[in-house]
Amino acid sequence: MVNVTMVLAQGPGFPEGNLEDRMHLHVRLTAQGHLDSAAWEAGTTPWMTSRERPDHPTRTGELVKIEEGWALRHLGSEDDPLYSFSAQIVRPGEIVQIRRLDGDEMLYRIVAVEPA
């Protein structure tokens, strides 16, 4: 497993990003730096996520595999929607796209990928 740290590069209300809006992922990657679908399907440990923002409680969730790719599911309630999650390669400097159901898009820049 690796720990991935990302900061908001662009999002609703933050066209220039927000370095204090951080997301953390605990995932498995292939040797090429892609999210490892086979490891997720074979695994028994959820791929946990968290989002930290000033003046907001930390929001925990998990990254899940869906037919269309990947999605974030928050653990606050079973009724919380899935958020589309798109990452081509997981390495520092790359951009991750998260799309909410209302169509709002958030772009996060990966700043660290470290062994767990």
# chains A, B, ... in the order shown; residues from 1 in each chain; ligands from 1

call {"tool": "residues_around", "arguments": {"residues": "region 41-49 of chain A", "least_positions_apart": "4", "cutoff": "7 Å", "atoms": "only C-alpha atoms", "output": "MDAnalysis selection string"}}
result
chainID A and resid 24:27 37 60:63

call {"tool": "write_last_selection", "arguments": {"atoms": "N, CA, C and O atoms", "output": "PDB file, in the first residue's frame"}}
result
ATOM      1  N   HIS A  24      -6.168  12.575   1.241  1.00  0.00           N
ATOM      2  CA  HIS A  24      -5.215  11.492   1.448  1.00  0.00           C
ATOM      3  C   HIS A  24      -5.863  10.183   1.004  1.00  0.00           C
ATOM      4  O   HIS A  24      -7.034   9.937   1.309  1.00  0.00           O
ATOM      5  N   LEU A  25      -5.094   9.364   0.300  1.00  0.00           N
ATOM      6  CA  LEU A  25      -5.558   8.054  -0.156  1.00  0.00           C
ATOM      7  C   LEU A  25      -4.590   6.997   0.342  1.00  0.00           C
ATOM      8  O   LEU A  25      -3.377   7.230   0.393  1.00  0.00           O
ATOM      9  N   HIS A  26      -5.107   5.835   0.644  1.00  0.00           N
ATOM     10  CA  HIS A  26      -4.298   4.682   1.034  1.00  0.00           C
ATOM     11  C   HIS A  26      -4.667   3.586   0.031  1.00  0.00           C
ATOM     12  O   HIS A  26      -5.728   2.955   0.159  1.00  0.00           O
ATOM     13  N   VAL A  27      -3.807   3.387  -1.002  1.00  0.00           N
ATOM     14  CA  VAL A  27      -4.154   2.552  -2.156  1.00  0.00           C
ATOM     15  C   VAL A  27      -2.987   1.644  -2.552  1.00  0.00           C
ATOM     16  O   VAL A  27      -1.878   1.780  -2.050  1.00  0.00           O
ATOM     17  N   SER A  37      -6.316  -2.411 -10.122  1.00  0.00           N
ATOM     18  CA  SER A  37      -7.661  -2.999 -10.093  1.00  0.00           C
ATOM     19  C   SER A  37      -7.651  -4.420  -9.555  1.00  0.00           C
ATOM     20  O   SER A  37      -8.520  -4.801  -8.768  1.00  0.00           O
ATOM     21  N   THR A  60     -14.051  11.095   6.058  1.00  0.00           N
ATOM     22  CA  THR A  60     -13.430   9.832   5.680  1.00  0.00           C
ATOM     23  C   THR A  60     -14.285   9.104   4.658  1.00  0.00           C
ATOM     24  O   THR A  60     -15.500   9.291   4.589  1.00  0.00           O
ATOM     25  N   GLY A  61     -13.613   8.275   3.885  1.00  0.00           N
ATOM     26  CA  GLY A  61     -14.312   7.514   2.869  1.00  0.00           C
ATOM     27  C   GLY A  61     -13.444   6.381   2.375  1.00  0.00           C
ATOM     28  O   GLY A  61     -12.456   6.007   2.998  1.00  0.00           O
ATOM     29  N   GLU A  62     -13.841   5.851   1.226  1.00  0.00           N
ATOM     30  CA  GLU A  62     -13.039   4.816   0.600  1.00  0.00           C
ATOM     31  C   GLU A  62     -13.118   4.952  -0.912  1.00  0.00           C
ATOM     32  O   GLU A  62     -14.092   5.477  -1.456  1.00  0.00           O
ATOM     33  N   LEU A  63     -12.057   4.505  -1.560  1.00  0.00           N
ATOM     34  CA  LEU A  63     -12.007   4.468  -3.018  1.00  0.00           C
ATOM     35  C   LEU A  63     -12.506   3.094  -3.440  1.00  0.00           C
ATOM     36  O   LEU A  63     -12.040   2.070  -2.920  1.00  0.00           O
TER      37      LEU A  63
END

call {"tool": "select_by_dssp", "arguments": {"residues": "region 35-77 of chain A", "states": "alpha helix (DSSP H)", "output": "list in words"}}
result
Ser37, Ala38, Ala39, Trp40, Glu41 and Ala42 of chain A

call {"tool": "write_last_selection", "arguments": {"atoms": "N, CA and C atoms", "output": "mmCIF file, in the first residue's frame"}}
result
data_model
loop_
_atom_site.group_PDB
_atom_site.id
_atom_site.type_symbol
_atom_site.label_atom_id
_atom_site.label_comp_id
_atom_site.auth_asym_id
_atom_site.auth_seq_id
_atom_site.Cartn_x
_atom_site.Cartn_y
_atom_site.Cartn_z
ATOM 1 N N SER A 37 -6.316 -2.411 -10.122
ATOM 2 C CA SER A 37 -7.661 -2.999 -10.093
ATOM 3 C C SER A 37 -7.651 -4.420 -9.555
ATOM 4 N N ALA A 38 -6.675 -5.217 -9.967
ATOM 5 C CA ALA A 38 -6.611 -6.612 -9.521
ATOM 6 C C ALA A 38 -6.402 -6.680 -8.011
ATOM 7 N N ALA A 39 -5.540 -5.837 -7.471
ATOM 8 C CA ALA A 39 -5.304 -5.823 -6.026
ATOM 9 C C ALA A 39 -6.560 -5.386 -5.282
ATOM 10 N N TRP A 40 -7.295 -4.409 -5.834
ATOM 11 C CA TRP A 40 -8.528 -3.961 -5.173
ATOM 12 C C TRP A 40 -9.552 -5.101 -5.145
ATOM 13 N N GLU A 41 -9.714 -5.789 -6.296
ATOM 14 C CA GLU A 41 -10.707 -6.858 -6.378
ATOM 15 C C GLU A 41 -10.348 -8.041 -5.484
ATOM 16 N N ALA A 42 -9.054 -8.325 -5.318
ATOM 17 C CA ALA A 42 -8.611 -9.453 -4.501
ATOM 18 C C ALA A 42 -8.475 -9.090 -3.023
#

call {"tool": "residues_around", "arguments": {"residues": "Pro12 (chain A)", "least_positions_apart": "5", "cutoff": "8 Å", "atoms": "only C-alpha atoms", "output": "NGL selection string"}}
result
:A and (104-106)

call {"tool": "closest_residue", "arguments": {"among": "A:Val2, A:Met23, A:Val7, A:Leu29", "to": "Gln88 (chain A)", "atoms": "only C-alpha atoms"}}
result
A:Leu29

call {"tool": "atom_distance", "arguments": {"atom1": "CA of Gly103 (chain A)", "atom2": "CA of Asp36 (chain A)"}}
result
26.5 Å

call {"tool": "closest_residue", "arguments": {"among": "A:Leu107, A:Val113, A:Leu75, A:Met1", "to": "Val90 (chain A)", "atoms": "only C-alpha atoms"}}
result
A:Val113
